[in-house]
file protein29.cif (mmCIF, C-alpha atoms (C1' of nucleotides))
data_input
loop_
_atom_site.label_atom_id
_atom_site.label_comp_id
_atom_site.auth_asym_id
_atom_site.auth_seq_id
_atom_site.Cartn_x
_atom_site.Cartn_y
_atom_site.Cartn_z
CA MET A 1 0.00 0.00 0.00
CA ASN A 2 1.11 3.53 -0.68
CA TYR A 3 0.86 6.74 1.27
CA TRP A 4 0.02 10.23 0.11
CA LEU A 5 -0.47 13.77 1.27
CA LEU A 6 -3.45 15.75 0.04
CA LYS A 7 -3.72 19.47 0.53
CA SER A 8 -6.96 21.29 1.06
CA GLU A 9 -7.68 24.79 2.23
CA PRO A 10 -9.80 24.45 5.36
CA ASN A 11 -11.72 27.57 4.31
CA THR A 12 -12.86 25.61 1.30
CA TYR A 13 -13.07 22.04 2.59
CA SER A 14 -11.62 21.04 5.94
CA ILE A 15 -11.24 17.64 7.54
CA SER A 16 -14.35 18.43 9.58
CA ASP A 17 -16.25 18.76 6.32
CA LEU A 18 -14.89 15.38 5.27
CA GLU A 19 -15.88 13.89 8.62
CA ARG A 20 -19.40 15.25 8.18
CA ASP A 21 -19.68 13.98 4.60
CA GLY A 22 -17.95 10.64 5.16
CA SER A 23 -16.36 10.78 1.74
CA THR A 24 -15.88 13.23 -1.09
CA SER A 25 -14.58 13.50 -4.64
CA TRP A 26 -11.20 15.16 -5.07
CA GLU A 27 -11.82 17.25 -8.19
CA GLY A 28 -10.03 20.32 -9.40
CA VAL A 29 -6.43 19.13 -9.44
CA ARG A 30 -4.91 21.02 -12.38
CA ASN A 31 -1.25 20.20 -12.07
CA TYR A 32 0.35 17.38 -14.00
CA SER A 33 2.57 16.07 -11.20
CA ALA A 34 -0.34 16.05 -8.80
CA ARG A 35 -2.52 14.37 -11.40
CA ASN A 36 0.10 11.73 -12.08
CA ASN A 37 0.31 11.03 -8.37
CA MET A 38 -3.45 10.62 -8.18
CA ARG A 39 -3.38 8.12 -11.02
CA GLN A 40 -1.06 5.91 -8.97
CA MET A 41 -3.46 5.73 -6.06
CA LYS A 42 -5.11 2.44 -5.16
CA VAL A 43 -8.22 1.84 -3.12
CA GLY A 44 -7.16 1.54 0.50
CA ASP A 45 -4.09 3.76 0.24
CA LEU A 46 -3.90 6.18 3.14
CA GLY A 47 -3.46 9.92 2.88
CA LEU A 48 -2.39 12.64 5.24
CA TYR A 49 -5.01 15.37 5.16
CA TYR A 50 -3.12 18.65 5.07
CA HIS A 51 -4.60 22.07 5.74
CA SER A 52 -2.92 24.62 3.52
CA ASN A 53 -3.39 28.37 3.67
CA ALA A 54 -4.34 27.78 7.27
CA ASN A 55 -3.25 29.25 10.54
CA PRO A 56 -1.07 27.36 11.18
CA PRO A 57 -0.74 25.06 8.18
CA GLY A 58 -0.26 21.36 8.95
CA VAL A 59 -1.56 17.80 8.90
CA ALA A 60 -5.06 17.61 10.34
CA GLY A 61 -5.80 13.91 10.05
CA ILE A 62 -6.01 10.86 7.85
CA CYS A 63 -8.11 9.90 4.86
CA LYS A 64 -8.30 6.82 2.67
CA ILE A 65 -8.55 6.41 -1.06
CA ALA A 66 -12.04 5.07 -1.76
CA ARG A 67 -12.04 5.11 -5.56
CA GLU A 68 -9.21 5.08 -8.07
CA ALA A 69 -8.68 7.83 -10.62
CA TYR A 70 -11.52 8.59 -13.03
CA PRO A 71 -12.00 11.55 -15.38
CA ASP A 72 -12.58 14.87 -13.64
CA TYR A 73 -15.89 15.82 -15.24
CA TYR A 74 -15.79 19.29 -13.72
CA ALA A 75 -13.31 20.07 -16.48
CA TRP A 76 -16.14 19.62 -19.01
CA ASN A 77 -18.55 21.95 -17.27
CA LYS A 78 -18.28 25.48 -18.62
CA ARG A 79 -19.82 26.87 -15.49
CA SER A 80 -17.35 25.18 -13.16
CA LYS A 81 -14.31 27.06 -11.98
CA TYR A 82 -12.41 23.89 -12.88
CA TYR A 83 -13.49 24.08 -16.52
CA ASP A 84 -10.73 23.35 -19.04
CA ASP A 85 -11.54 23.36 -22.73
CA LYS A 86 -8.52 21.18 -23.43
CA SER A 87 -10.08 18.28 -21.58
CA SER A 88 -12.73 16.31 -23.47
CA ARG A 89 -14.83 13.26 -22.76
CA GLU A 90 -12.92 11.41 -25.47
CA LYS A 91 -9.55 12.54 -24.15
CA PRO A 92 -9.83 13.56 -20.53
CA ARG A 93 -6.86 15.53 -19.36
CA TRP A 94 -7.65 15.68 -15.65
CA PHE A 95 -8.55 13.01 -13.15
CA MET A 96 -10.02 12.79 -9.69
CA VAL A 97 -10.26 10.20 -6.93
CA ASP A 98 -12.69 9.71 -4.07
CA VAL A 99 -11.42 9.93 -0.52
CA GLN A 100 -12.98 8.69 2.67
CA TYR A 101 -12.69 10.04 6.18
CA VAL A 102 -10.53 8.03 8.58
CA GLU A 103 -9.69 10.21 11.57
CA SER A 104 -8.91 13.70 12.77
CA PHE A 105 -5.90 14.28 14.97
CA ASP A 106 -6.64 15.74 18.39
CA GLU A 107 -4.23 18.49 17.49
CA LEU A 108 -3.02 19.61 14.11
CA LEU A 109 0.59 18.65 13.46
CA SER A 110 2.00 21.92 12.21
CA LEU A 111 4.28 22.38 9.24
CA GLU A 112 6.68 24.04 11.64
CA ARG A 113 7.02 20.85 13.71
CA ILE A 114 7.40 18.77 10.57
CA LYS A 115 10.23 21.03 9.43
CA ASP A 116 11.84 20.74 12.84
CA THR A 117 11.84 16.94 12.68
CA LYS A 118 15.01 15.46 11.25
CA SER A 119 13.43 12.30 9.85
CA LEU A 120 10.86 14.35 7.96
CA ARG A 121 13.25 16.74 6.28
CA ASP A 122 13.16 14.90 2.98
CA MET A 123 9.42 15.03 2.65
CA VAL A 124 8.17 16.50 -0.63
CA LEU A 125 6.16 18.82 1.57
CA VAL A 126 9.34 20.28 3.01
CA LYS A 127 11.55 20.12 -0.07
CA GLN A 128 9.16 21.21 -2.76
CA GLY A 129 6.27 22.76 -0.97
CA ARG A 130 3.74 23.68 -3.57
CA LEU A 131 2.53 20.31 -4.83
CA SER A 132 -1.06 19.62 -3.80
CA VAL A 133 -0.99 15.81 -4.13
CA GLN A 134 2.28 14.17 -3.23
CA PRO A 135 3.72 10.79 -2.27
CA VAL A 136 4.74 10.12 1.33
CA LYS A 137 7.04 7.34 2.53
CA GLN A 138 5.63 4.83 4.96
CA SER A 139 8.25 5.88 7.50
CA GLU A 140 7.16 9.49 7.13
CA PHE A 141 3.50 8.59 7.39
CA ASP A 142 4.13 6.54 10.53
CA ALA A 143 6.25 9.23 12.12
CA ILE A 144 3.60 11.88 11.55
CA VAL A 145 0.80 9.72 12.91
CA ARG A 146 2.94 8.92 15.96
CA MET A 147 3.81 12.57 16.56
CA ALA A 148 0.19 13.59 16.21
CA GLY A 149 -0.96 10.93 18.63
CA GLY A 150 -3.14 9.35 16.00
CA GLY A 151 -4.09 5.70 15.99
CA GLY A 152 -4.44 5.61 12.27
CA ARG A 153 -3.15 2.30 11.18
CA ARG A 154 -4.51 0.51 8.22
CA GLY A 155 -8.13 -0.39 8.30
"C1'" DG B 1 -0.46 41.54 0.85
"C1'" DC B 2 4.15 40.07 -0.42
"C1'" DC B 3 6.93 37.21 -2.84
"C1'" DA B 4 9.73 32.88 -3.81
"C1'" DA B 5 9.40 28.85 -6.23
"C1'" DC B 6 7.40 26.60 -9.60
"C1'" DG B 7 4.46 25.60 -13.84
"C1'" DT B 8 2.49 26.94 -18.19
"C1'" DT B 9 2.12 29.42 -22.46
"C1'" DG B 10 3.43 31.04 -26.72
"C1'" DG B 11 6.55 33.64 -29.89
"C1'" DC B 12 10.48 32.77 -32.31
"C1'" DG C 1 13.56 23.61 -28.12
"C1'" DC C 2 14.56 27.99 -25.80
"C1'" DC C 3 13.13 31.31 -22.79
"C1'" DA C 4 10.56 35.50 -21.34
"C1'" DA C 5 6.30 36.65 -19.57
"C1'" DC C 6 2.78 35.46 -16.96
"C1'" DG C 7 -0.08 32.75 -13.57
"C1'" DT C 8 -0.54 29.97 -9.30
"C1'" DT C 9 0.54 28.07 -4.84
"C1'" DG C 10 1.05 28.68 -0.34
"C1'" DG C 11 4.07 30.16 3.66
"C1'" DC C 12 4.87 34.11 6.09
#

call {"tool": "encode", "arguments": {"input": "protein29.cif", "output": "C-alpha cells"}}
result
Amino acid sequence: MNYWLLKSEPNTYSISDLERDGSTSWEGVRNYSARNNMRQMKVGDLGLYYHSNANPPGVAGICKIAREAYPDYYAWNKRSKYYDDKSSREKPRWFMVDVQYVESFDELLSLERIKDTKSLRDMVLVKQGRLSVQPVKQSEFDAIVRMAGGGGRRG
DNA sequence: GCCAACGTTGGC
DNA sequence: GCCAACGTTGGC
C-alpha cells in the first residue's frame, strides 16, 4: 500500500467537512505532477489530510482512497471554476479520486514541527512545498501519525 | 499583501 | 527547443 499527502484549504473544505460527509470527490487538481500522483493511487491507500493556507498550516488527520482515478468531469462543465476546454470526454486531461474520512488528529501537526523533525526533512512537503498531491514514505507517514498521537493504522 | 518557487504558455 | 512573460501556490 502507498501513502500520500493531500492538501486542502480548510476555508474551502476542511477535515471536519470530510468527517461530516464521510467521503468526497477530489476534483479540481490542475497540475500534471499532482494528477500523475493521483493516477497511482489504489483503493485503501492512506493519505495525510493537510490544511494549507491555514493558521497554522499542517496535517489535520487521515483519509483513505475510496475510488481510483476517473476523469474529472468538472473540467467539461463550462460553469465550473475547474473548466478546461482542453479536456474532453474522449480525451480527458484531468482526473479525480474519491477519498474517505478516517480520523482527525486531536491536534493539528504543524508544518513548523514537521520542518523541525530530522526524519521528515526529505518530505516532498518540506523540499518542494507547492505540490497539492504528493507521495509520502511509509516511515514518514508513521512518524507523523505517531507525533500527532493518531491511531491511524490501516483499516 | 508580499513574494519565492514553480508551472504553463506562446513567440520565435 | 529555448526562454521571457505570466499565472498559481502557499508560507509568512

call {"tool": "closest_residue", "arguments": {"input": "protein29.cif", "among": "A:Met96, A:Leu131, A:Ala75, A:Leu120", "to": "chain B", "atoms": "only C-alpha atoms (C1' of nucleotides)"}}
result
A:Leu131

call {"tool": "resolve_selection", "arguments": {"input": "protein29.cif", "expression": "the PyMOL selection byres ((chain A) within 12 of (chain B))", "output": "list of chain:residue names"}}
result
A:Arg30, A:Asn31, A:Tyr32, A:Ser33, A:Ala34, A:Lys127, A:Gln128, A:Gly129, A:Arg130, A:Leu131

call {"tool": "residues_around", "arguments": {"input": "protein29.cif", "residues": "Tyr49 in chain A", "least_positions_apart": "5", "cutoff": "8 Å", "atoms": "all atoms listed in the file", "output": "PyMOL selection string"}}
result
chain A and resi 5-8+15+59-63

call {"tool": "atom_distance", "arguments": {"input": "protein29.cif", "atom1": "CA of Met147 in chain A", "atom2": "CA of Met1 in chain A"}}
result
21.1 Å

call {"tool": "atom_distance", "arguments": {"input": "protein29.cif", "atom1": "CA of His51 in chain A", "atom2": "CA of Lys118 in chain A"}}
result
21.4 Å

call {"tool": "atom_distance", "arguments": {"input": "protein29.cif", "atom1": "CA of Ala66 in chain A", "atom2": "CA of Val102 in chain A"}}
result
10.9 Å

call {"tool": "resolve_selection", "arguments": {"input": "protein29.cif", "expression": "the PyMOL selection byres ((chain A and resi 105) around 9)", "output": "list in words"}}
result
Val59, Ala60, Gly61, Ile62, Glu103, Ser104, Asp106, Glu107, Leu108, Leu109, Val145, Ala148, Gly149, Gly150 and Gly151 of chain A

call {"tool": "residues_around", "arguments": {"input": "protein29.cif", "residues": "range 20-27 of chain A", "least_positions_apart": "4", "cutoff": "8 Å", "atoms": "only C-alpha atoms (C1' of nucleotides)", "output": "PyMOL selection string"}}
result
chain A and resi 16+66+72+74+95-101

call {"tool": "resolve_selection", "arguments": {"input": "protein29.cif", "expression": "the PyMOL selection byres ((chain A and resi 89) around 9)", "output": "ChimeraX atom specification"}}
result
/A:71,73,76,87-88,90-93

call {"tool": "write_last_selection", "arguments": {"input": "protein29.cif", "atoms": "C-alpha atoms", "output": "PDB file, in the frame of the given file"}}
result
ATOM      1  CA  PRO A  71     -12.000  11.550 -15.380  1.00  0.00           C
ATOM      2  CA  TYR A  73     -15.890  15.820 -15.240  1.00  0.00           C
ATOM      3  CA  TRP A  76     -16.140  19.620 -19.010  1.00  0.00           C
ATOM      4  CA  SER A  87     -10.080  18.280 -21.580  1.00  0.00           C
ATOM      5  CA  SER A  88     -12.730  16.310 -23.470  1.00  0.00           C
ATOM      6  CA  GLU A  90     -12.920  11.410 -25.470  1.00  0.00           C
ATOM      7  CA  LYS A  91      -9.550  12.540 -24.150  1.00  0.00           C
ATOM      8  CA  PRO A  92      -9.830  13.560 -20.530  1.00  0.00           C
ATOM      9  CA  ARG A  93      -6.860  15.530 -19.360  1.00  0.00           C
TER      10      ARG A  93
END

call {"tool": "build_atoms", "arguments": {"input": "protein29.cif", "residues": "range 135-155 of chain A", "atoms": "N, CA, C and O atoms", "output": "PDB file, in the coordinates of the input"}}
result
ATOM      1  N   PRO A 135       3.462  12.062  -2.936  1.00  0.00           N
ATOM      2  CA  PRO A 135       3.720  10.790  -2.270  1.00  0.00           C
ATOM      3  C   PRO A 135       4.405  10.999  -0.926  1.00  0.00           C
ATOM      4  O   PRO A 135       5.126  11.978  -0.726  1.00  0.00           O
ATOM      5  N   VAL A 136       4.150  10.087  -0.009  1.00  0.00           N
ATOM      6  CA  VAL A 136       4.740  10.120   1.330  1.00  0.00           C
ATOM      7  C   VAL A 136       5.308   8.723   1.586  1.00  0.00           C
ATOM      8  O   VAL A 136       4.670   7.719   1.236  1.00  0.00           O
ATOM      9  N   LYS A 137       6.487   8.651   2.187  1.00  0.00           N
ATOM     10  CA  LYS A 137       7.040   7.340   2.530  1.00  0.00           C
ATOM     11  C   LYS A 137       6.315   6.782   3.748  1.00  0.00           C
ATOM     12  O   LYS A 137       5.835   7.531   4.589  1.00  0.00           O
ATOM     13  N   GLN A 138       6.301   5.450   3.808  1.00  0.00           N
ATOM     14  CA  GLN A 138       5.630   4.830   4.960  1.00  0.00           C
ATOM     15  C   GLN A 138       6.254   5.304   6.267  1.00  0.00           C
ATOM     16  O   GLN A 138       5.552   5.565   7.240  1.00  0.00           O
ATOM     17  N   SER A 139       7.582   5.438   6.274  1.00  0.00           N
ATOM     18  CA  SER A 139       8.250   5.880   7.500  1.00  0.00           C
ATOM     19  C   SER A 139       7.810   7.293   7.886  1.00  0.00           C
ATOM     20  O   SER A 139       7.636   7.598   9.069  1.00  0.00           O
ATOM     21  N   GLU A 140       7.609   8.114   6.866  1.00  0.00           N
ATOM     22  CA  GLU A 140       7.160   9.490   7.130  1.00  0.00           C
ATOM     23  C   GLU A 140       5.723   9.506   7.627  1.00  0.00           C
ATOM     24  O   GLU A 140       5.377  10.219   8.585  1.00  0.00           O
ATOM     25  N   PHE A 141       4.902   8.696   6.968  1.00  0.00           N
ATOM     26  CA  PHE A 141       3.500   8.590   7.390  1.00  0.00           C
ATOM     27  C   PHE A 141       3.429   8.143   8.856  1.00  0.00           C
ATOM     28  O   PHE A 141       2.742   8.747   9.680  1.00  0.00           O
ATOM     29  N   ASP A 142       4.162   7.080   9.167  1.00  0.00           N
ATOM     30  CA  ASP A 142       4.130   6.540  10.530  1.00  0.00           C
ATOM     31  C   ASP A 142       4.630   7.554  11.538  1.00  0.00           C
ATOM     32  O   ASP A 142       4.063   7.706  12.621  1.00  0.00           O
ATOM     33  N   ALA A 143       5.694   8.260  11.185  1.00  0.00           N
ATOM     34  CA  ALA A 143       6.250   9.230  12.120  1.00  0.00           C
ATOM     35  C   ALA A 143       5.249  10.346  12.408  1.00  0.00           C
ATOM     36  O   ALA A 143       5.093  10.782  13.559  1.00  0.00           O
ATOM     37  N   ILE A 144       4.564  10.793  11.369  1.00  0.00           N
ATOM     38  CA  ILE A 144       3.600  11.880  11.550  1.00  0.00           C
ATOM     39  C   ILE A 144       2.421  11.433  12.396  1.00  0.00           C
ATOM     40  O   ILE A 144       1.976  12.139  13.306  1.00  0.00           O
ATOM     41  N   VAL A 145       1.926  10.221  12.119  1.00  0.00           N
ATOM     42  CA  VAL A 145       0.800   9.720  12.910  1.00  0.00           C
ATOM     43  C   VAL A 145       1.220   9.580  14.374  1.00  0.00           C
ATOM     44  O   VAL A 145       0.472   9.929  15.288  1.00  0.00           O
ATOM     45  N   ARG A 146       2.446   9.098  14.586  1.00  0.00           N
ATOM     46  CA  ARG A 146       2.940   8.920  15.960  1.00  0.00           C
ATOM     47  C   ARG A 146       3.051  10.280  16.657  1.00  0.00           C
ATOM     48  O   ARG A 146       2.596  10.463  17.778  1.00  0.00           O
ATOM     49  N   MET A 147       3.642  11.245  15.954  1.00  0.00           N
ATOM     50  CA  MET A 147       3.810  12.570  16.560  1.00  0.00           C
ATOM     51  C   MET A 147       2.477  13.244  16.870  1.00  0.00           C
ATOM     52  O   MET A 147       2.358  14.010  17.819  1.00  0.00           O
ATOM     53  N   ALA A 148       1.486  12.941  16.026  1.00  0.00           N
ATOM     54  CA  ALA A 148       0.190  13.590  16.210  1.00  0.00           C
ATOM     55  C   ALA A 148      -0.688  12.844  17.198  1.00  0.00           C
ATOM     56  O   ALA A 148      -1.790  13.285  17.519  1.00  0.00           O
ATOM     57  N   GLY A 149      -0.181  11.708  17.678  1.00  0.00           N
ATOM     58  CA  GLY A 149      -0.960  10.930  18.630  1.00  0.00           C
ATOM     59  C   GLY A 149      -2.138  10.222  17.992  1.00  0.00           C
ATOM     60  O   GLY A 149      -3.105   9.880  18.662  1.00  0.00           O
ATOM     61  N   GLY A 150      -2.053  10.022  16.688  1.00  0.00           N
ATOM     62  CA  GLY A 150      -3.140   9.350  16.000  1.00  0.00           C
ATOM     63  C   GLY A 150      -3.020   7.848  16.117  1.00  0.00           C
ATOM     64  O   GLY A 150      -1.941   7.327  16.372  1.00  0.00           O
ATOM     65  N   GLY A 151      -4.130   7.153  15.941  1.00  0.00           N
ATOM     66  CA  GLY A 151      -4.090   5.700  15.990  1.00  0.00           C
ATOM     67  C   GLY A 151      -4.176   5.105  14.609  1.00  0.00           C
ATOM     68  O   GLY A 151      -4.298   3.914  14.429  1.00  0.00           O
ATOM     69  N   GLY A 152      -4.116   5.993  13.628  1.00  0.00           N
ATOM     70  CA  GLY A 152      -4.440   5.610  12.270  1.00  0.00           C
ATOM     71  C   GLY A 152      -3.531   4.591  11.656  1.00  0.00           C
ATOM     72  O   GLY A 152      -2.612   4.933  10.944  1.00  0.00           O
ATOM     73  N   ARG A 153      -3.805   3.369  11.908  1.00  0.00           N
ATOM     74  CA  ARG A 153      -3.150   2.300  11.180  1.00  0.00           C
ATOM     75  C   ARG A 153      -4.092   1.867  10.072  1.00  0.00           C
ATOM     76  O   ARG A 153      -5.189   2.368   9.950  1.00  0.00           O
ATOM     77  N   ARG A 154      -3.653   0.928   9.331  1.00  0.00           N
ATOM     78  CA  ARG A 154      -4.510   0.510   8.220  1.00  0.00           C
ATOM     79  C   ARG A 154      -5.850   0.070   8.741  1.00  0.00           C
ATOM     80  O   ARG A 154      -6.007  -0.311   9.875  1.00  0.00           O
ATOM     81  N   GLY A 155      -6.847   0.098   7.864  1.00  0.00           N
ATOM     82  CA  GLY A 155      -8.130  -0.390   8.300  1.00  0.00           C
ATOM     83  C   GLY A 155      -9.258   0.342   7.636  1.00  0.00           C
ATOM     84  O   GLY A 155      -9.146   1.255   6.936  1.00  0.00           O
TER      85      GLY A 155
END
